[in-house]
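S.K.: Got a file for you: target_34.txt, compact mmCIF, C-alpha atoms.
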# COMPACT_ATOMS: atom_id res chain seq x y z
CA MET T 1 96.21 93.10 95.82
CA ARG T 2 94.11 90.38 94.20
CA PHE T 3 92.64 91.70 90.98
CA SER T 4 93.32 94.14 88.15
CA ARG T 5 94.73 97.63 88.49
CA ILE T 6 91.22 99.06 88.23
CA ALA T 7 90.11 96.99 91.19
CA ALA T 8 93.27 97.88 93.08
CA LEU T 9 92.78 101.55 92.32
CA CYS T 10 89.41 101.33 94.00
CA CYS T 11 90.94 99.44 96.93
CA ILE T 12 89.51 96.26 95.42
CA ILE T 13 86.09 97.63 96.33
CA LEU T 14 83.93 94.66 95.43
CA GLY T 15 80.89 93.16 97.05
CA PRO T 16 77.10 93.05 97.41
CA PHE T 17 74.56 95.26 99.05
CA ARG T 18 70.99 94.24 98.57
CA PHE T 19 69.00 97.27 99.68
CA ALA T 20 71.25 100.16 98.66
CA ASN T 21 70.22 103.29 96.82
CA ALA T 22 72.07 106.39 95.63
CA GLU T 23 71.24 108.36 98.74
CA ASN T 24 73.14 105.85 100.89
CA TYR T 25 76.31 106.45 98.93
CA ALA T 26 75.92 110.21 98.87
CA ALA T 27 75.68 110.48 102.66
CA VAL T 28 78.33 108.12 104.08
CA LYS T 29 78.94 108.96 107.71
CA PHE T 30 81.12 106.90 109.99
CA LEU T 31 80.09 106.41 113.61
CA VAL T 32 82.94 108.25 115.28
CA LYS T 33 83.15 111.65 116.91
CA PRO T 34 85.68 114.03 115.34
CA GLY T 35 88.42 115.39 117.56
CA PRO T 36 88.84 118.91 118.93
CA HIS T 37 90.68 120.29 115.89
CA ALA T 38 89.42 121.45 112.54
CA VAL T 39 91.26 119.77 109.65
CA GLY T 40 93.39 121.37 106.96
CA LEU T 41 94.57 119.81 103.70
CA LYS T 42 97.67 120.80 101.80
CA VAL T 43 98.55 119.40 98.36
CA VAL T 44 102.24 119.55 97.48
CA GLU T 45 103.76 118.65 94.12
CA GLN T 46 107.35 117.54 94.70
CA TYR T 47 109.99 115.26 93.25
CA ASP T 48 112.39 112.81 94.81
CA ILE T 49 115.41 113.78 92.74
CA ALA T 50 117.42 110.85 94.10
CA ARG T 51 115.33 108.41 92.04
CA ASN T 52 114.56 108.26 88.33
CA PHE T 53 111.03 107.79 87.06
CA GLY T 54 109.97 107.63 83.41
CA SER T 55 111.98 109.14 80.58
CA THR T 56 112.72 112.52 79.02
CA ILE T 57 114.87 111.41 76.09
CA GLY T 58 116.10 114.32 74.01
CA GLN T 59 115.49 116.91 76.70
CA ALA T 60 118.00 118.69 78.89
CA GLY T 61 118.13 121.26 81.64
CA PRO T 62 116.51 121.57 85.11
CA SER T 63 113.00 120.87 83.83
CA ALA T 64 114.03 117.60 82.20
CA ARG T 65 115.98 116.57 85.31
CA ALA T 66 112.89 117.19 87.43
CA GLU T 67 110.65 115.22 85.11
CA ARG T 68 113.07 112.29 85.19
CA SER T 69 112.83 112.31 88.97
CA ARG T 70 110.14 110.48 90.91
CA PRO T 71 106.98 112.63 91.21
CA LEU T 72 105.26 112.45 94.58
CA GLN T 73 101.98 114.31 94.76
CA THR T 74 101.85 114.70 98.51
CA LEU T 75 98.72 115.20 100.62
CA VAL T 76 99.07 116.57 104.15
CA TRP T 77 96.15 116.51 106.58
CA TYR T 78 96.82 118.56 109.72
CA PRO T 79 95.18 120.15 112.79
CA ALA T 80 93.90 123.53 111.64
CA GLN T 81 92.09 126.62 112.76
CA LYS T 82 88.38 126.73 112.05
CA SER T 83 87.52 128.24 108.70
CA ALA T 84 84.36 129.55 107.09
CA ARG T 85 85.48 128.24 103.72
CA PRO T 86 83.84 125.06 102.37
CA SER T 87 85.49 121.73 103.00
CA VAL T 88 86.69 119.48 100.22
CA THR T 89 84.34 117.07 98.49
CA MET T 90 84.86 113.59 97.13
CA GLY T 91 84.93 115.24 93.72
CA ASP T 92 87.84 117.44 94.84
CA TYR T 93 89.80 114.40 95.93
CA LEU T 94 89.00 112.62 92.68
CA ALA T 95 90.27 115.58 90.63
CA LEU T 96 93.74 115.09 92.11
CA MET T 97 94.12 111.96 89.98
CA ASP T 98 94.57 114.08 86.84
CA THR T 99 97.91 115.47 88.00
CA GLU T 100 99.33 112.64 90.14
CA VAL T 101 102.40 112.26 87.90
CA SER T 102 101.93 115.22 85.52
CA PHE T 103 102.28 118.26 87.74
CA GLY T 104 100.63 121.31 86.18
CA LYS T 105 99.51 119.27 83.18
CA PRO T 106 96.15 117.60 83.89
CA GLN T 107 95.74 114.28 82.13
CA ARG T 108 92.46 112.45 82.24
CA THR T 109 92.80 108.71 82.58
CA ARG T 110 90.48 105.82 81.96
CA ASP T 111 90.88 104.80 85.59
CA GLY T 112 89.86 108.25 86.77
CA ASP T 113 86.82 108.27 84.49
CA LEU T 114 85.72 104.87 85.76
CA LEU T 115 86.19 105.85 89.38
CA LYS T 116 84.19 109.02 88.73
CA THR T 117 81.33 106.87 87.42
CA TRP T 118 81.50 104.47 90.34
CA LEU T 119 81.56 107.28 92.93
CA GLN T 120 79.06 109.47 91.08
CA ALA T 121 76.47 109.61 93.86
CA SER T 122 79.02 110.84 96.40
CA LEU T 123 81.09 113.31 94.36
CA GLY T 124 79.34 116.27 95.96
CA GLN T 125 79.64 114.91 99.49
CA SER T 126 81.71 117.16 101.77
CA LEU T 127 84.32 115.64 104.02
CA SER T 128 86.11 117.45 106.85
CA ALA T 129 89.27 119.02 105.45
CA VAL T 130 89.59 122.61 104.22
CA ARG T 131 92.28 123.32 101.61
CA ASP T 132 95.17 125.39 102.98
CA ALA T 133 93.48 126.21 106.28
CA HIS T 134 95.65 128.04 108.82
CA LEU T 135 97.72 125.84 111.15
CA VAL T 136 97.02 125.67 114.83
CA THR T 137 99.96 126.36 117.13
CA GLY T 138 101.86 123.30 118.24
CA ARG T 139 103.85 120.30 117.08
CA PHE T 140 102.04 117.05 116.47
CA PRO T 141 102.92 113.38 115.91
CA VAL T 142 103.28 112.28 112.28
CA VAL T 143 101.53 109.42 110.48
CA ILE T 144 102.75 108.43 107.02
CA TYR T 145 99.97 106.72 105.05
CA ALA T 146 100.89 104.14 102.37
CA PRO T 147 98.02 103.33 99.95
CA SER T 148 97.14 99.96 98.50
CA PHE T 149 98.37 98.58 95.17
CA SER T 150 98.42 101.39 92.56
CA SER T 151 95.87 103.31 94.57
CA THR T 152 95.34 106.98 95.35
CA SER T 153 96.73 108.79 98.36
CA TRP T 154 93.18 109.63 99.52
CA GLU T 155 91.66 106.13 99.41
CA ASN T 156 91.27 106.35 103.22
CA ALA T 157 90.66 110.10 103.42
CA ASP T 158 88.04 109.67 106.17
CA LEU T 159 90.56 107.97 108.45
CA CYS T 160 93.31 110.48 107.63
CA GLU T 161 91.01 113.43 108.36
CA TYR T 162 89.80 111.79 111.55
CA LEU T 163 93.35 111.37 112.87
CA ALA T 164 94.20 114.97 111.98
CA SER T 165 91.22 116.14 114.05
CA TYR T 166 92.79 114.38 117.05
CA GLY T 167 96.15 116.06 116.69
CA TYR T 168 98.14 114.16 114.05
CA VAL T 169 99.81 115.32 110.86
CA VAL T 170 99.05 112.68 108.21
CA VAL T 171 101.12 112.58 105.02
CA ALA T 172 100.48 110.42 101.94
CA SER T 173 101.41 109.99 98.27
CA PRO T 174 99.96 107.60 95.62
CA GLY T 175 100.91 103.94 95.53
CA MET T 176 103.27 103.55 92.56
CA GLY T 177 105.83 101.16 91.13
CA GLU T 178 109.52 101.79 90.68
CA LYS T 179 109.33 103.33 87.20
CA SER T 180 105.66 104.02 86.51
CA ARG T 181 102.33 104.91 88.07
CA GLU T 182 101.52 101.19 88.15
CA SER T 183 102.54 99.21 91.23
CA THR T 184 104.17 95.83 90.66
CA HIS T 185 103.82 92.65 92.71
CA ASP T 186 107.53 92.18 93.25
CA LEU T 187 110.44 93.31 95.39
CA SER T 188 111.20 96.35 93.24
CA GLY T 189 107.60 97.48 93.60
CA VAL T 190 107.41 97.15 97.37
CA ASN T 191 110.87 98.64 97.82
CA ALA T 192 109.84 101.67 95.74
CA GLN T 193 106.83 102.34 97.94
CA ALA T 194 108.86 101.75 101.10
CA SER T 195 111.31 104.39 99.87
CA ASP T 196 108.35 106.73 99.36
CA VAL T 197 107.48 106.27 103.03
CA SER T 198 110.98 107.28 104.09
CA PHE T 199 111.00 110.21 101.67
CA LEU T 200 107.75 111.48 103.16
CA ILE T 201 109.18 111.21 106.67
CA GLY T 202 112.01 113.44 105.54
CA TYR T 203 109.52 115.87 104.03
CA ALA T 204 107.44 115.89 107.22
CA ALA T 205 110.53 117.05 109.11
CA SER T 206 110.42 120.28 107.09
CA LEU T 207 106.89 121.13 108.24
CA PRO T 208 106.48 123.64 111.08
CA ASP T 209 103.87 121.64 113.00
CA THR T 210 105.46 118.17 113.28
CA ASN T 211 107.08 116.35 116.18
CA MET T 212 109.57 114.04 114.48
CA THR T 213 110.28 112.02 117.61
CA ARG T 214 106.79 110.55 117.23
CA VAL T 215 106.34 108.99 113.80
CA ALA T 216 104.10 106.10 112.74
CA ALA T 217 103.48 104.44 109.39
CA MET T 218 99.99 103.28 108.42
CA GLY T 219 99.02 101.36 105.30
CA PHE T 220 96.26 99.39 103.63
CA SER T 221 96.91 96.13 101.76
CA TRP T 222 100.12 96.49 99.69
CA GLY T 223 100.84 99.67 101.65
CA GLY T 224 101.07 97.63 104.86
CA LEU T 225 103.81 95.51 103.31
CA ALA T 226 105.63 98.65 102.15
CA ASP T 227 105.46 100.02 105.70
CA LEU T 228 107.02 96.82 107.03
CA PHE T 229 109.94 97.18 104.60
CA ALA T 230 110.31 100.83 105.54
CA ALA T 231 110.27 100.12 109.29
CA SER T 232 112.98 97.49 108.93
CA ARG T 233 115.32 100.15 107.52
CA ASP T 234 114.15 103.45 108.99
CA ASN T 235 114.46 103.86 112.75
CA ARG T 236 112.41 107.05 112.66
CA ILE T 237 109.27 104.87 112.52
CA LYS T 238 108.08 104.21 116.09
CA ALA T 239 104.77 102.40 115.44
CA LEU T 240 102.94 100.57 112.64
CA VAL T 241 99.24 100.39 111.72
CA SER T 242 98.36 97.76 109.11
CA LEU T 243 94.90 97.60 107.54
CA ASP T 244 94.75 93.99 106.35
CA GLY T 245 98.28 94.49 105.04
CA SER T 246 99.93 92.30 102.42
CA GLU T 247 102.63 91.20 104.86
CA ARG T 248 100.06 88.64 105.99
CA TYR T 249 99.36 87.44 102.43
CA PHE T 250 102.81 87.59 100.82
CA PRO T 251 105.34 86.57 103.48
CA GLY T 252 107.49 85.06 100.77
CA LEU T 253 108.36 88.55 99.55
CA VAL T 254 109.53 89.38 103.05
CA ARG T 255 111.76 86.31 103.08
CA ALA T 256 113.00 86.99 99.55
CA SER T 257 114.12 90.50 100.52
CA GLY T 258 116.95 89.09 102.59
CA THR T 259 116.94 92.29 104.65
CA VAL T 260 113.50 92.45 106.28
CA HIS T 261 113.42 90.41 109.49
CA PRO T 262 110.16 90.70 111.46
CA ASP T 263 111.71 88.88 114.42
CA GLN T 264 114.20 91.73 114.81
CA ILE T 265 111.80 94.68 114.56
CA ARG T 266 111.05 96.26 117.92
CA VAL T 267 108.23 98.68 117.12
CA PRO T 268 104.59 98.09 118.16
CA LEU T 269 102.17 96.92 115.48
CA ILE T 270 98.38 96.88 115.32
CA TYR T 271 97.16 94.58 112.59
CA PHE T 272 93.52 94.67 111.45
CA GLU T 273 92.63 91.53 109.53
CA GLU T 274 89.63 90.44 107.50
CA GLY T 275 87.35 87.85 108.95
CA ASP T 276 87.08 85.28 106.17
CA GLN T 277 90.41 84.37 104.59
CA SER T 278 90.23 80.73 103.53
CA LEU T 279 93.25 78.44 103.38
CA GLU T 280 92.43 77.75 99.73
CA GLU T 281 92.50 81.44 98.86
CA GLN T 282 95.78 81.89 100.71
CA ASP T 283 97.27 78.99 98.76
CA ARG T 284 96.11 80.54 95.47
CA LEU T 285 97.75 83.83 96.35
CA ASN T 286 100.99 82.18 97.40
CA SER T 287 101.14 80.12 94.21
CA ARG T 288 100.34 83.03 91.92
CA PHE T 289 102.95 85.35 93.37
CA HIS T 290 105.48 82.77 94.65
CA ALA T 291 104.91 84.36 98.02
CA ASP T 292 104.90 81.43 100.43
CA GLY T 293 106.89 81.97 103.60
CA PRO T 294 106.81 82.07 107.40
CA SER T 295 104.10 84.17 109.03
CA VAL T 296 105.17 87.74 109.66
CA LEU T 297 102.79 88.08 112.60
CA ASN T 298 104.06 84.90 114.26
CA GLN T 299 107.58 86.31 114.02
CA TRP T 300 106.60 89.64 115.57
CA LEU T 301 108.14 88.89 118.96
CA HIS T 302 110.04 92.01 120.00
CA GLY T 303 107.45 94.67 119.44
CA ASP T 304 104.00 94.74 121.04
CA LEU T 305 101.42 93.15 118.72
CA VAL T 306 97.71 94.00 118.75
CA THR T 307 95.73 91.79 116.38
CA VAL T 308 92.19 92.92 115.60
CA ARG T 309 90.07 90.45 113.64
CA MET T 310 87.14 92.17 111.93
CA LEU T 311 84.63 89.35 111.87
CA GLY T 312 82.30 90.69 109.17
CA LEU T 313 84.69 92.59 106.91
CA PHE T 314 86.31 91.41 103.72
CA HIS T 315 89.46 93.02 102.34
CA PRO T 316 88.01 95.99 100.40
CA GLU T 317 86.10 97.22 103.45
CA PHE T 318 89.32 98.43 105.07
CA CYS T 319 89.22 101.35 102.61
CA SER T 320 86.80 104.19 103.32
CA ILE T 321 85.92 105.07 99.73
CA ALA T 322 84.62 101.52 99.32
CA TYR T 323 81.44 102.53 101.11
CA ARG T 324 80.70 105.16 98.44
CA ASN T 325 81.00 102.86 95.42
CA GLU T 326 77.45 102.21 94.26
CA GLU T 327 78.29 100.21 91.15
CA LEU T 328 80.54 97.67 92.74
CA TRP T 329 78.61 97.18 95.97
CA GLU T 330 75.44 96.35 94.06
CA LYS T 331 76.67 94.37 91.08
CA GLU T 332 80.12 92.83 91.43
CA LEU T 333 81.38 89.63 93.02
CA PRO T 334 78.67 88.94 95.61
CA ASN T 335 80.58 85.82 96.71
CA LEU T 336 82.97 88.05 98.68
CA GLN T 337 80.35 88.86 101.30
CA VAL T 338 81.11 87.36 104.71
CA ALA T 339 78.13 85.33 106.00
CA ASP T 340 75.17 87.72 106.15
CA TYR T 341 77.12 90.86 107.08
CA ASP T 342 76.19 93.74 104.79
CA ARG T 343 77.36 97.27 104.02
CA GLU T 344 75.77 98.73 107.14
CA ASP T 345 77.71 96.24 109.24
CA GLY T 346 80.80 97.30 107.33
CA LEU T 347 80.25 100.94 108.24
CA VAL T 348 80.08 99.95 111.90
CA GLY T 349 83.20 97.81 111.65
CA TYR T 350 85.19 100.49 109.84
CA SER T 351 84.19 103.04 112.45
CA TRP T 352 85.72 100.83 115.13
CA ILE T 353 88.87 100.48 113.04
CA MET T 354 89.11 104.28 113.17
CA ARG T 355 88.60 104.30 116.93
CA TYR T 356 91.15 101.56 117.66
CA THR T 357 93.70 103.17 115.34
CA GLN T 358 93.36 106.41 117.26
CA ALA T 359 93.76 104.62 120.60
CA PHE T 360 96.84 102.73 119.39
CA LEU T 361 98.51 105.91 118.16
CA ASP T 362 97.50 107.85 121.27
CA PHE T 363 99.11 105.21 123.45
CA TYR T 364 102.33 104.61 121.55
CA LEU T 365 102.99 108.12 120.20
CA LYS T 366 101.40 110.29 122.90
CA GLN T 367 101.88 107.94 125.88
CA ASP T 368 98.20 108.29 126.78
CA ALA T 369 97.54 105.78 129.58
CA GLN T 370 93.78 105.87 129.05
CA ALA T 371 94.29 104.83 125.42
CA GLY T 372 96.46 101.95 126.61
CA ALA T 373 93.70 100.78 128.95
CA PHE T 374 91.24 100.97 126.03
CA LEU T 375 93.44 98.66 123.93
CA LYS T 376 93.74 96.12 126.74
CA ALA T 377 90.03 96.11 127.60
CA SER T 378 87.66 93.69 125.91
CA PRO T 379 85.70 95.02 122.91
CA THR T 380 82.49 94.62 124.92
CA MET T 381 83.85 96.85 127.69
CA ASN T 382 84.73 99.45 125.03
CA GLY T 383 81.17 99.45 123.68
CA VAL T 384 81.82 97.46 120.52
CA PRO T 385 78.66 95.67 119.31
CA LYS T 386 78.72 91.89 119.56
CA HIS T 387 79.98 89.90 116.58
CA THR T 388 82.04 92.84 115.28
CA MET T 389 85.64 92.15 116.24
CA SER T 390 88.03 90.19 118.42
CA VAL T 391 91.19 91.70 119.90
CA LYS T 392 94.37 89.99 121.06
CA VAL T 393 97.28 91.83 122.69
CA ARG T 394 100.70 90.16 122.77
CA PRO T 395 103.40 92.10 124.66
CA SER T 396 106.90 92.16 123.26
CA ALA T 397 109.43 89.60 124.43
CA PRO T 398 112.96 90.74 125.31
CA PHE T 399 116.20 89.44 123.88
CA ALA T 400 118.18 87.60 126.56
CA ASN T 401 121.76 86.40 126.09
CA ASN T 402 121.26 86.48 122.30
CA THR T 403 118.35 84.06 122.69
CA VAL T 404 114.79 84.86 121.78
CA VAL T 405 112.46 84.64 124.77
CA LYS T 406 109.06 83.73 123.39
CA PRO T 407 105.86 84.84 125.12
CA ASN T 408 103.76 82.23 126.86
Before anything else, please render the file you have as structure tokens.

M.R.:
Amino acid sequence: MRFSRIAALCCIILGPFRFANAENYAAVKFLVKPGPHAVGLKVVEQYDIARNFGSTIGQAGPSARAERSRPLQTLVWYPAQKSARPSVTMGDYLALMDTEVSFGKPQRTRDGDLLKTWLQASLGQSLSAVRDAHLVTGRFPVVIYAPSFSSTSWENADLCEYLASYGYVVVASPGMGEKSRESTHDLSGVNAQASDVSFLIGYAASLPDTNMTRVAAMGFSWGGLADLFAASRDNRIKALVSLDGSERYFPGLVRASGTVHPDQIRVPLIYFEEGDQSLEEQDRLNSRFHADGPSVLNQWLHGDLVTVRMLGLFHPEFCSIAYRNEELWEKELPNLQVADYDREDGLVGYSWIMRYTQAFLDFYLKQDAQAGAFLKASPTMNGVPKHTMSVKVRPSAPFANNTVVKPN
């Protein structure tokens, strides 16, 4: 969202860690208990034939038509039967980059090689999912995950696997621009990713284990903004999870759309925000991208709003692979650190993001009353360590006689 494509590809994973060593990065473990289900992972190579992508000048026939269409390498995490086969590693996820837009034709990229270097210590680390594990019987709520600017579908694999273990089918594709693998900071770019979200909802409807009456969209950074655009146009989306989403940083793009009106959206939203966004930095972002506009969150009046401020986290820490990046944690941009919070504090904070995301989805998609009580309780009552987060819950306000009734 703020730097080059390389930084965006790594979820802008920048920051200091003074006492790290390779073993720390090879053994990342978040402080949450997995759910009752084993986790399966399915990788699907499919095209959205309704949209063009790239060029196949001089070619004809079905193959050329497919290659002109938008490629969407789709990852599906799902509740699965237990399997004796080994689970996927970080290296397995990384290998997916080679065929993101070149199905069946692996192409190494400079970005992939750099990311491999930066994640070297953790490439052999096993996560939870098992490729093509057998489904468990049942139909489960759906979560569509939208990655950050130009990023990979698996940038938050830990969170996606965690939700699948608690009975969700999570579907994701890479963050891309309208005509290329590169995202673009403009309306065409965010509209393209929003259309990906809707396409994936349609794909999820074809799966045998999904309950399409219970669909949420979840996104990090630019993906949060794409989810907002999608929700404004797609009434299949019943809840939104935004991980420091760009709707907070680029409200001018929302205004410029002419069609996205936060004050008319009626779905619940949980917004996790970083703890140290200065007014000066916000002004720089607005000036650079001509993105000044009214606050999206202030306009969110007709859907429940849960705002979670992560006191010690800066933007990259809302992405789980950030905690495995040895190079950037130790050497790059130490000025991004918030106060004296370090990487270990980040692991704690991210773990609570996972827990609150689960509770939000359990309440709004599964109607779990206990999860609703968890959201309304203070962080201290929920066992959150002091100085980790603050939570505010603002119930939706009804429309009355065509007049907005604002909450007190």

S.K.: Give as a VMD selection string the set of residues within 6 Å of the point (90.9, 124.4, 111.7), where distances use the file's coordinates and all atoms listed in the file.

M.R.: chain T and resid 37 to 39 80 to 83

S.K.: Taking C-alpha atoms for each residue, export the selection above as a PDB file, keeping the file's coordinate frame.

M.R.:
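The result, written out as part_30.pdb:
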ATOM      1  CA  HIS T  37      90.680 120.290 115.890  1.00  0.00           C
ATOM      2  CA  ALA T  38      89.420 121.450 112.540  1.00  0.00           C
ATOM      3  CA  VAL T  39      91.260 119.770 109.650  1.00  0.00           C
ATOM      4  CA  ALA T  80      93.900 123.530 111.640  1.00  0.00           C
ATOM      5  CA  GLN T  81      92.090 126.620 112.760  1.00  0.00           C
ATOM      6  CA  LYS T  82      88.380 126.730 112.050  1.00  0.00           C
ATOM      7  CA  SER T  83      87.520 128.240 108.700  1.00  0.00           C
TER       8      SER T  83
END

S.K.: Taking (98.7, 92.2, 117.8) in the coordinates of the supplied file, I want to know which residues reach to within 9 Å of it, counting only C-alpha atoms; could you give the answer as a PyMOL selection string?

M.R.: chain T and resi 268-272+297+300+304-308+391-395

S.K.: I'd like the interatomic distance between atom CA of Thr74 of chain T and atom CA of Met97 of chain T, to a tenth of an Å.

M.R.: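 So the two atoms, atom CA of Thr74 of chain T and atom CA of Met97 of chain T, lie 11.8 Å apart.
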
S.K.: One number please: atom CA of Met389 of chain T to atom CA of Gly349 of chain T, in Å, one decimal.

M.R.: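 Computing the Euclidean distance for atom CA of Met389 of chain T and atom CA of Gly349 of chain T yields 7.7 Å.
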
S.K.: May I have the residues within 8 Å of Phe360 of chain T as a list in words, using all atoms listed in the file and disregarding those fewer than 3 positions away in the same chain?

M.R.: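 After dropping sequence-adjacent residues, the list is Ile270, Tyr356, Thr357, Phe363, Tyr364, Ala371, Gly372 and Leu375 of chain T.
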
S.K.: Pull the closest atom pair for each residue of segment 74-150 of chain T that gets at most 12 Å from segment 209-215 of chain T, along with the distance in Å to one decimal, counting only C-alpha atoms, ordering rows by chain and then ascending residue number, as a Markdown table.

M.R.:
| residue | atom | partner | partner_atom | distance |
| --- | --- | --- | --- | --- |
| T:Val76 | CA | T:Thr210 | CA | 11.3 |
| T:Trp77 | CA | T:Asp209 | CA | 11.3 |
| T:Tyr78 | CA | T:Asp209 | CA | 8.4 |
| T:Pro79 | CA | T:Asp209 | CA | 8.8 |
| T:Ala80 | CA | T:Asp209 | CA | 10.2 |
| T:His134 | CA | T:Asp209 | CA | 11.2 |
| T:Leu135 | CA | T:Asp209 | CA | 7.7 |
| T:Val136 | CA | T:Asp209 | CA | 8.2 |
| T:Thr137 | CA | T:Asp209 | CA | 7.4 |
| T:Gly138 | CA | T:Asp209 | CA | 5.9 |
| T:Arg139 | CA | T:Asp209 | CA | 4.3 |
| T:Phe140 | CA | T:Thr210 | CA | 4.8 |
| T:Pro141 | CA | T:Arg214 | CA | 5.0 |
| T:Val142 | CA | T:Val215 | CA | 4.7 |
| T:Val143 | CA | T:Val215 | CA | 5.9 |
| T:Ile144 | CA | T:Val215 | CA | 7.7 |
| T:Tyr145 | CA | T:Val215 | CA | 11.1 |

S.K.: Taking only C-alpha atoms into account, produce a table as a tab-separated table in which each residue of segment 290-398 of chain T with an atom at most 12 Å from an atom of segment 224-248 of chain T appears once, together with its shortest atom pair and the distance in Å to one decimal, ordered by chain and rising number.

M.R.:
residue	atom	partner	partner_atom	distance
T:Ala291	CA	T:Glu247	CA	9.9
T:Asp292	CA	T:Arg248	CA	10.3
T:Gly293	CA	T:Arg248	CA	9.8
T:Pro294	CA	T:Arg248	CA	9.5
T:Ser295	CA	T:Arg248	CA	6.7
T:Val296	CA	T:Arg248	CA	6.4
T:Leu297	CA	T:Arg248	CA	7.2
T:Asn298	CA	T:Arg248	CA	9.9
T:Gln299	CA	T:Arg248	CA	11.2
T:Trp300	CA	T:Leu228	CA	11.2
T:Gly303	CA	T:Ala239	CA	9.1
T:Asp304	CA	T:Ala239	CA	9.5
T:Leu305	CA	T:Leu240	CA	9.7
T:Val306	CA	T:Val241	CA	9.6
T:Thr307	CA	T:Ser242	CA	9.8
T:Val308	CA	T:Asp244	CA	9.7
T:Arg309	CA	T:Asp244	CA	9.4
T:Met310	CA	T:Asp244	CA	9.6
T:Leu313	CA	T:Asp244	CA	10.2
T:Phe314	CA	T:Asp244	CA	9.2
T:His315	CA	T:Asp244	CA	6.7
T:Pro316	CA	T:Asp244	CA	9.2
T:Glu317	CA	T:Asp244	CA	9.7
T:Phe318	CA	T:Leu243	CA	6.2
T:Cys319	CA	T:Leu243	CA	8.4
T:Ser320	CA	T:Leu243	CA	11.3
T:Tyr350	CA	T:Leu243	CA	10.4
T:Ile353	CA	T:Leu243	CA	8.7
T:Met354	CA	T:Leu243	CA	10.5
T:Tyr356	CA	T:Val241	CA	10.1
T:Thr357	CA	T:Val241	CA	7.2
T:Gln358	CA	T:Val241	CA	10.1
T:Ala359	CA	T:Val241	CA	11.3
T:Phe360	CA	T:Val241	CA	8.4
T:Leu361	CA	T:Ala239	CA	7.7
T:Asp362	CA	T:Ala239	CA	10.8
T:Phe363	CA	T:Ala239	CA	10.2
T:Tyr364	CA	T:Ala239	CA	6.9
T:Leu365	CA	T:Lys238	CA	7.6
T:Lys366	CA	T:Lys238	CA	11.3

S.K.: Could you dump the residues just selected with C-alpha atoms as a PDB file, in the frame of the given file?

M.R.:
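This is the output file selection.pdb:
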ATOM      1  CA  ALA T 291     104.910  84.360  98.020  1.00  0.00           C
ATOM      2  CA  ASP T 292     104.900  81.430 100.430  1.00  0.00           C
ATOM      3  CA  GLY T 293     106.890  81.970 103.600  1.00  0.00           C
ATOM      4  CA  PRO T 294     106.810  82.070 107.400  1.00  0.00           C
ATOM      5  CA  SER T 295     104.100  84.170 109.030  1.00  0.00           C
ATOM      6  CA  VAL T 296     105.170  87.740 109.660  1.00  0.00           C
ATOM      7  CA  LEU T 297     102.790  88.080 112.600  1.00  0.00           C
ATOM      8  CA  ASN T 298     104.060  84.900 114.260  1.00  0.00           C
ATOM      9  CA  GLN T 299     107.580  86.310 114.020  1.00  0.00           C
ATOM     10  CA  TRP T 300     106.600  89.640 115.570  1.00  0.00           C
ATOM     11  CA  GLY T 303     107.450  94.670 119.440  1.00  0.00           C
ATOM     12  CA  ASP T 304     104.000  94.740 121.040  1.00  0.00           C
ATOM     13  CA  LEU T 305     101.420  93.150 118.720  1.00  0.00           C
ATOM     14  CA  VAL T 306      97.710  94.000 118.750  1.00  0.00           C
ATOM     15  CA  THR T 307      95.730  91.790 116.380  1.00  0.00           C
ATOM     16  CA  VAL T 308      92.190  92.920 115.600  1.00  0.00           C
ATOM     17  CA  ARG T 309      90.070  90.450 113.640  1.00  0.00           C
ATOM     18  CA  MET T 310      87.140  92.170 111.930  1.00  0.00           C
ATOM     19  CA  LEU T 313      84.690  92.590 106.910  1.00  0.00           C
ATOM     20  CA  PHE T 314      86.310  91.410 103.720  1.00  0.00           C
ATOM     21  CA  HIS T 315      89.460  93.020 102.340  1.00  0.00           C
ATOM     22  CA  PRO T 316      88.010  95.990 100.400  1.00  0.00           C
ATOM     23  CA  GLU T 317      86.100  97.220 103.450  1.00  0.00           C
ATOM     24  CA  PHE T 318      89.320  98.430 105.070  1.00  0.00           C
ATOM     25  CA  CYS T 319      89.220 101.350 102.610  1.00  0.00           C
ATOM     26  CA  SER T 320      86.800 104.190 103.320  1.00  0.00           C
ATOM     27  CA  TYR T 350      85.190 100.490 109.840  1.00  0.00           C
ATOM     28  CA  ILE T 353      88.870 100.480 113.040  1.00  0.00           C
ATOM     29  CA  MET T 354      89.110 104.280 113.170  1.00  0.00           C
ATOM     30  CA  TYR T 356      91.150 101.560 117.660  1.00  0.00           C
ATOM     31  CA  THR T 357      93.700 103.170 115.340  1.00  0.00           C
ATOM     32  CA  GLN T 358      93.360 106.410 117.260  1.00  0.00           C
ATOM     33  CA  ALA T 359      93.760 104.620 120.600  1.00  0.00           C
ATOM     34  CA  PHE T 360      96.840 102.730 119.390  1.00  0.00           C
ATOM     35  CA  LEU T 361      98.510 105.910 118.160  1.00  0.00           C
ATOM     36  CA  ASP T 362      97.500 107.850 121.270  1.00  0.00           C
ATOM     37  CA  PHE T 363      99.110 105.210 123.450  1.00  0.00           C
ATOM     38  CA  TYR T 364     102.330 104.610 121.550  1.00  0.00           C
ATOM     39  CA  LEU T 365     102.990 108.120 120.200  1.00  0.00           C
ATOM     40  CA  LYS T 366     101.400 110.290 122.900  1.00  0.00           C
TER      41      LYS T 366
END

S.K.: Within 7 Å of Asp98 of chain T, counting all atoms listed in the file, which residues qualify if same-chain residues fewer than 5 places away don't, as a ChimeraX atom specification?

M.R.: /T:106-108

S.K.: Give me a file of those residues, with C-alpha atoms, as a PDB file, in the frame of the given file.

M.R.:
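What landed in part.pdb:
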ATOM      1  CA  PRO T 106      96.150 117.600  83.890  1.00  0.00           C
ATOM      2  CA  GLN T 107      95.740 114.280  82.130  1.00  0.00           C
ATOM      3  CA  ARG T 108      92.460 112.450  82.240  1.00  0.00           C
TER       4      ARG T 108
END
